[in-house]
Amino acid sequence: MQLSDSREIAAPRDVVWAALLSPEVLKECVPGCTEMSGSADEGFEATVVQKVGPVKATFKGAVTLSDRVEGEGLTLSGEGKGGAAGFAKGGAKVWLEDIEGGTKLIYDVEANVGGKLAQLGSRIIDGFAKKMADEFFTRFQETVEGPQEAVDGEETADGEKKKGWLKRVFAG
Amino acid sequence: MPKDHGIGASIKRREDVRFLTGAGNYTDDINIRGQAYVYFLRSDVAHGKLNKVDTTAASAMPGVVRIFTGADFAGVGGLPCGWQVTDRHGQPMKEPGHPVLAQGKVRHVGDPIAAIVADTLEQARDAAEAIELDIEELPAVVDMKAAVKDGSALVHDDIGSNLCYDWGFVEENKAAVDEAIKNAAHVTTLELVNNRLVANPMEPRVCVGDYSRATDDYTLYTTSQNPHVIRLLMGAFVLGIPEHKLRVVAPDVGGGFGTKIFHYAEEAFCTFAAKACNRPVKWTASRSEAFMSDAHGRDHVTKIELALDKDNNFTAIRTETYANMGAYLSTFAPSVPTWLHGTLMAGNYRTPVIYVNVKAVFTNTVPVDAYRGAGRPEATFQIERVIDQAARELGVDPIALRRQNFIKPDQFPYQTPVAVAYDTGNYDATMDRLIEMADIAGFAKRRKASEAKGKLRGLGVNCYIEACGIAPSNLVGQLGARAGLYESATVRVNATGGIVVMTGSHSHGQGHETAFPQVIAEMLGIDESMVEVVHGDTSKAPMGMGTYGSRSLAVGGSAMVRATEKILRKAKKIAAHLMEASEGDIEVKDGRFHVAGTDKSVAWGDVTLAAYVPHNYPLEDIEPGLEETAFYDPSNFTYPAGAYACEVELDPETGKVTIERFAAADDFGNVVNPMIVEGQVHGGIAQGVGQALLEGAVYDANGQLLTGSYMDYAMPRATDVPFYQVDHSCATPCTHNPLGVKGCGEAGAIGSPPAVVNAVLDALNSGGIKVAHIDMPVSPSRVWSAIQKAKA
């Protein structure tokens, strides 16, 4: 399945770009991600727990960044193996444009599944992939922008105060 | 008054007592002391290079007996193909290897990579997850037309192409067909898809392999329609086990529909592993595994052209078909789109010249082979759809157009231009009967009533013919079959008169255990309860080519008749001796042997007892005992035919189609048990309706099977099928088998899809919605889309 969309992020282009290359941000933004290590240059190792229709599985896999044009765009591709559940793989081509008050992030996402996931979950996979992509980029936007004033101070599940990524990185 | 026993009686099926009370003995009910379980690790990519299959860690897992990979099978043969097709240029088809476990490459989702034998199934499954795989994914070949273009990825690198064969039939007629189409007054052209189906028998496949170190004997219990064929294929071609050391048992089998004809890797594996592990090895397919490892059916893409002269006589048919073989050649796959399809393209009509071109294509999908009807539904669908469309284009009545072109009753035997010769038939009679049953005269009124509710109503009528009673061995040998297609039967009469018939015709829903005794009871004048049918065990029946192609009664039944005739001849000799009469004067009536013209008689039991206690017996002339075997090889196919009518109501707002009426007038020749025949037609129509409205196996562009469960693969439910009107009174008995029977098992599935689709198109066009064709399954979304497109 394929989908295309865009987000307007209230942050300068170099900040958005830096966030795209950060394992910490990716971990925060990939829905169901429990572990993320590595670097933008070496590639990331990720563990993601997800439920697709009737199939719940832990996917272990690698995420690589390619087609990097500094400050302009890149391609994220990942493949996760879920053992008996099959596999999921996908990619997102992301590029950035300056807009007034921030950066426009445009993306084309492609997702494929195989094995039991395809056999049992294909009917719902398009919706699932769209939800995953929406969730990823929504979180990404929130992480980069930091929470809106109105919801600032909202408690996360583990009780830690949600902070914008910027604040955490630059304010410690 | 209807008969209450013998041929023609609707006796209730004796086997249903055990099936309906949970007392059947299926392969999964067989458990052998000490058995281990196997789990197959299957590919989840459609096409890939196997770089690494590391079983080290998995082998150390609890309960693991042994893990097998392709390397363990390097020394045995691959799964054989039972039919070799010769292409248009006289070259044999491409026949790539079909390993038991993948070697070097995986070629479809579900291709077995490793087999884990463990103490329990759960342990085997856990160990499978610990196998380290490195599969380098390759581009998947899915679309047939793209597969045969230059530059396509190759399913089998060693054959250099994805084309299995390019078949032309009848090649010598091609020029005449091209000429006739050029000169035709009218040509109707349709492009059709015959949708890929999953057979879905209620019982998934199961096998249990057993090996005796004491005797070096192998036994395989398996869900098969033809255990002798499995013994031959697996013993001779895969594992190198001679017949006398290999017993194959197919006990109760819960439906086959074709997909249990074929020899599968799991059967060879369990037999091989039983010796290698020195333990019985059992495999039971899950439903998910069935979807990705049972051979699928149909999957043809066709362009058909029908030429007519100015008086609407058919002058030629030309077709071009792409037939999907899947990733490997399943046992009989090459024969389905060729000899079971091209030879039926004359249908019920006098078309003088026909040319059929079939390109069989390898793709990264599950192998495709025979499924109820096998080739004949594909032929029927094309012919009957194109005739319907021609009638619409020409503005003539579709029934009248068919009648005008029928082979007439006085033209039999009829030599078609596509090799086969129909022995007998009367297509006008079945059409007359259909018109009456379906109340076609009342259709206009019913249409008005539907229209008053805002619905559209359509009537679809079509004919069909099939070639059954498969088949004359000398003929199929010329056509590429690597086996004979006779059948055998042994009739064993016991001392006290009871009879056991050992037949090679396996029964898995056809009711042989009831119908076969009716034939013997009729011949001997005894009660059916004295006859027991034994089948499904190579150690019991002498030989068997199995049950498919609507052949059991026509071929297996005929073998049984021939053996029973031998019994009668010998029994008459014994009776003549007992009554000191001449053998020629002995008549059999009501279970007694009479001396004609006298009141002298002896009972059946007196004769059978004398055969086994031969104190007063013509020992100088005949041997003691009363047991005879016969092999029957038919001299021609049988040609069941009929006319079907379907009436649908269609909601133009939603595209939803409901079947309101369905009538089937079949000519099956003589009928042994009308109730069983009716049930066979019901089941066949349900499967045909399923194909027409609901079922379809779908792969995505990466070769992932998207319809891999009942959430996505729609099987017909009770509410999807109507009450049927079924009739088989227009019988023209087969002229060349002793029972005059033609076979009824596949008719419903062959005759019904075009009736349904024709009805849907009639409904749409009656509402002014000009649509020429909708591919099956004719789902609400496809109908709705066609409506919107026509309106635009």
# chains A, B, ... in the order shown; residues from 1 in each chain; ligands from 1

$ interface_residues --of "chain B" --to "chain A" --cutoff "8 Å" --atoms "only C-alpha atoms" --output "list in words"
Ser43, Asp44, Val45, Val109, Glu129, Ser288, Gln704, Leu705, Leu706, Thr707, Gly708, Ser709, Met711 and Asp712 of chain B

$ residues_around --residues "stretch 180-183 of chain B" --least-positions-apart "2" --cutoff "7 Å" --atoms "only C-alpha atoms" --output "PyMOL selection string"
chain B and resi 176-178+185+187+307+315-316

$ write_last_selection --atoms "C-alpha atoms" --output "PDB file, in the first residue's frame"
ATOM      1  CA  ALA B 176      -9.065 -22.220 -41.294  1.00  0.00           C
ATOM      2  CA  VAL B 177     -10.204 -20.587 -38.038  1.00  0.00           C
ATOM      3  CA  ASP B 178      -8.425 -17.321 -38.860  1.00  0.00           C
ATOM      4  CA  ALA B 185     -20.827 -11.757 -40.694  1.00  0.00           C
ATOM      5  CA  VAL B 187     -17.698 -11.702 -34.422  1.00  0.00           C
ATOM      6  CA  ALA B 307     -17.731 -16.010 -35.399  1.00  0.00           C
ATOM      7  CA  THR B 315     -18.690 -20.697 -37.901  1.00  0.00           C
ATOM      8  CA  ALA B 316     -15.579 -20.619 -35.727  1.00  0.00           C
TER       9      ALA B 316
END

$ residues_around --residues "stretch 719-722 of chain B" --least-positions-apart "5" --cutoff "9 Å" --atoms "only C-alpha atoms" --output "list in words"
Thr658, Ile659, Glu660, Arg661, Phe662, Ile685, Ala686, Val689, Gly690 and Leu693 of chain B

$ select_by_dssp --residues "chain A" --states "strand (DSSP E or B)" --output "PyMOL selection string"
chain A and resi 2-9+33-39+43-52+55-69+73-81+87-99+102-114+155+161

$ closest_residue --among "A:Ala111, A:Ala57, A:Met132, A:Ala10" --to "A:Pro31" --atoms "only C-alpha atoms"
A:Met132

$ atom_distance --atom1 "atom CA of A:Ser22" --atom2 "atom CA of A:Leu3"
23.7 Å

$ residues_around --residues "A:Tyr107" --least-positions-apart "6" --cutoff "7 Å" --atoms "only C-alpha atoms" --output "list in words"
Ser4, Asp5, Ser6, Ala92, Lys93, Val94 and Trp95 of chain A

$ write_last_selection --atoms "N, CA and C atoms" --output "CSV table (one decimal), in the first residue's frame"
chain,number,residue,atom,x,y,z
A,4,SER,N,0.5,9.2,0.7
A,4,SER,CA,1.3,10.4,0.7
A,4,SER,C,0.5,11.5,1.5
A,5,ASP,N,1.3,12.2,2.2
A,5,ASP,CA,0.7,13.3,3.1
A,5,ASP,C,1.8,14.3,3.4
A,6,SER,N,1.4,15.3,4.1
A,6,SER,CA,2.4,16.3,4.6
A,6,SER,C,2.0,16.9,6.0
A,92,ALA,N,9.7,5.3,4.0
A,92,ALA,CA,9.1,6.6,3.8
A,92,ALA,C,10.1,7.5,3.2
A,93,LYS,N,9.7,8.1,2.1
A,93,LYS,CA,10.5,9.1,1.5
A,93,LYS,C,10.0,10.5,2.0
A,94,VAL,N,11.0,11.2,2.7
A,94,VAL,CA,10.6,12.4,3.4
A,94,VAL,C,11.4,13.5,2.8
A,95,TRP,N,10.8,14.6,2.5
A,95,TRP,CA,11.5,15.8,2.2
A,95,TRP,C,10.9,17.1,2.8

$ residues_around --residues "B:Val141" --least-positions-apart "3" --cutoff "9 Å" --atoms "only C-alpha atoms" --output "list in words"
Ala46, His47, Met144, Ala146, Ala147, Ser152, Ala153, Leu154, Val155, Asn162, Phe362, Thr363, Asn364, Thr365, Ala701, Asn702 and Gly703 of chain B

$ residues_around --residues "B:Pro204" --least-positions-apart "3" --cutoff "12 Å" --atoms "only C-alpha atoms" --output "VMD selection string"
chain B and resid 26 to 28 198 to 201 207 222 to 224 253 to 257 259 to 260 283 to 294

$ write_last_selection --atoms "N, CA and C atoms" --output "compact mmCIF listing (two decimals), in the first residue's frame"
# COMPACT_ATOMS: atom_id res chain seq x y z
N TYR B 26 -10.90 -40.68 10.34
CA TYR B 26 -10.13 -39.84 9.43
C TYR B 26 -8.63 -39.99 9.74
N THR B 27 -7.81 -39.49 8.85
CA THR B 27 -6.36 -39.67 9.03
C THR B 27 -5.91 -39.05 10.36
N ASP B 28 -6.49 -37.92 10.72
CA ASP B 28 -6.06 -37.30 11.97
C ASP B 28 -6.48 -38.12 13.19
N VAL B 198 -9.57 -21.64 -4.11
CA VAL B 198 -8.97 -22.54 -3.12
C VAL B 198 -10.03 -23.60 -2.83
N ALA B 199 -9.63 -24.87 -2.90
CA ALA B 199 -10.63 -25.94 -2.85
C ALA B 199 -11.35 -26.01 -1.50
N ASN B 200 -10.63 -25.83 -0.42
CA ASN B 200 -11.24 -25.81 0.91
C ASN B 200 -12.10 -27.02 1.27
N PRO B 201 -11.54 -28.23 1.14
CA PRO B 201 -12.29 -29.36 1.71
C PRO B 201 -12.41 -29.15 3.22
N CYS B 207 -1.04 -36.32 7.10
CA CYS B 207 -0.42 -37.61 6.80
C CYS B 207 0.36 -38.14 8.00
N THR B 222 -2.84 -41.17 4.59
CA THR B 222 -2.91 -39.84 4.01
C THR B 222 -4.31 -39.51 3.52
N THR B 223 -4.60 -38.22 3.46
CA THR B 223 -5.89 -37.73 2.98
C THR B 223 -5.84 -37.66 1.46
N SER B 224 -6.10 -38.78 0.81
CA SER B 224 -5.94 -38.84 -0.64
C SER B 224 -7.19 -39.36 -1.32
N VAL B 253 -12.08 -39.69 4.21
CA VAL B 253 -11.51 -38.43 3.75
C VAL B 253 -12.63 -37.40 3.65
N GLY B 254 -12.43 -36.29 4.31
CA GLY B 254 -13.49 -35.29 4.41
C GLY B 254 -13.51 -34.31 3.26
N GLY B 255 -13.75 -34.82 2.07
CA GLY B 255 -13.83 -33.95 0.89
C GLY B 255 -12.50 -33.81 0.20
N GLY B 256 -12.54 -33.79 -1.13
CA GLY B 256 -11.30 -33.65 -1.88
C GLY B 256 -11.41 -32.55 -2.92
N PHE B 257 -12.43 -32.63 -3.76
CA PHE B 257 -12.69 -31.64 -4.82
C PHE B 257 -11.52 -31.47 -5.77
N THR B 259 -8.25 -31.38 -5.03
CA THR B 259 -6.99 -30.98 -4.42
C THR B 259 -6.31 -32.11 -3.63
N LYS B 260 -7.03 -33.20 -3.40
CA LYS B 260 -6.41 -34.35 -2.74
C LYS B 260 -6.06 -35.47 -3.71
N TRP B 283 1.73 -35.29 10.46
CA TRP B 283 1.53 -33.87 10.10
C TRP B 283 0.04 -33.62 9.89
N THR B 284 -0.46 -32.59 10.50
CA THR B 284 -1.84 -32.17 10.28
C THR B 284 -1.80 -30.70 9.85
N ALA B 285 -2.32 -30.43 8.67
CA ALA B 285 -2.28 -29.05 8.17
C ALA B 285 -3.22 -28.17 8.97
N SER B 286 -2.75 -26.96 9.27
CA SER B 286 -3.68 -25.97 9.80
C SER B 286 -4.41 -25.38 8.60
N ARG B 287 -5.50 -24.66 8.87
CA ARG B 287 -6.24 -24.08 7.76
C ARG B 287 -5.37 -23.06 7.01
N SER B 288 -4.55 -22.33 7.76
CA SER B 288 -3.66 -21.38 7.09
C SER B 288 -2.71 -22.10 6.14
N GLU B 289 -2.18 -23.23 6.60
CA GLU B 289 -1.27 -24.00 5.74
C GLU B 289 -2.00 -24.51 4.50
N ALA B 290 -3.27 -24.91 4.70
CA ALA B 290 -4.04 -25.41 3.56
C ALA B 290 -4.15 -24.34 2.48
N PHE B 291 -4.41 -23.12 2.90
CA PHE B 291 -4.54 -22.03 1.93
C PHE B 291 -3.26 -21.86 1.12
N MET B 292 -2.10 -22.07 1.74
CA MET B 292 -0.85 -21.80 1.00
C MET B 292 -0.09 -23.05 0.60
N SER B 293 -0.71 -24.23 0.74
CA SER B 293 0.00 -25.42 0.25
C SER B 293 -0.89 -26.39 -0.52
N ASP B 294 -2.21 -26.34 -0.37
CA ASP B 294 -3.09 -27.18 -1.21
C ASP B 294 -3.08 -26.57 -2.62

$ select_by_dssp --residues "stretch 310-354 of chain B" --states "helix (DSSP H, G or I)" --output "ChimeraX atom specification"
/B:333-335,342-344

$ write_last_selection --atoms "N, CA and C atoms" --output "compact mmCIF listing (two decimals), in the first residue's frame"
# COMPACT_ATOMS: atom_id res chain seq x y z
N ALA B 333 -1.28 -30.87 -13.30
CA ALA B 333 -1.51 -29.48 -13.72
C ALA B 333 -1.48 -29.24 -15.23
N PRO B 334 -0.49 -29.80 -15.95
CA PRO B 334 -0.42 -29.45 -17.38
C PRO B 334 -1.63 -29.92 -18.18
N SER B 335 -2.32 -30.97 -17.70
CA SER B 335 -3.44 -31.52 -18.47
C SER B 335 -4.70 -30.66 -18.36
N GLY B 342 -9.31 -27.64 -23.82
CA GLY B 342 -9.38 -27.42 -25.26
C GLY B 342 -10.33 -28.37 -25.96
N THR B 343 -10.37 -29.60 -25.48
CA THR B 343 -11.21 -30.62 -26.11
C THR B 343 -12.70 -30.39 -25.86
N LEU B 344 -13.02 -29.49 -24.95
CA LEU B 344 -14.44 -29.24 -24.63
C LEU B 344 -14.94 -27.96 -25.26

$ atom_distance --atom1 "atom CA of B:Val229" --atom2 "atom CA of B:Met502"
16.0 Å

$ residues_around --residues "B:Val238" --least-positions-apart "6" --cutoff "9 Å" --atoms "only C-alpha atoms" --output "ChimeraX atom specification"
/B:76-80,100,268

$ closest_residue --among "B:Ala563, B:Arg717, B:Phe169, B:Arg18" --to "B:His89" --atoms "only C-alpha atoms"
B:Phe169

$ closest_residue --among "B:Trp167, B:Val461, B:Ala175, B:Asn278" --to "B:Thr321" --atoms "only C-alpha atoms"
B:Trp167

$ atom_distance --atom1 "atom CA of B:Ala790" --atom2 "atom CA of B:Ile399"
25.8 Å

$ closest_residue --among "B:Val353, B:Ile32, B:Val208, B:Leu192" --to "B:Ile304" --atoms "only C-alpha atoms"
B:Leu192

$ closest_residue --among "A:Gly80, A:Gly90, A:Gly101, A:Gly146" --to "A:Cys33" --atoms "only C-alpha atoms"
A:Gly80

$ closest_residue --among "B:Cys730, B:Leu739, B:Ala295, B:Leu239" --to "B:Met431" --atoms "only C-alpha atoms"
B:Cys730
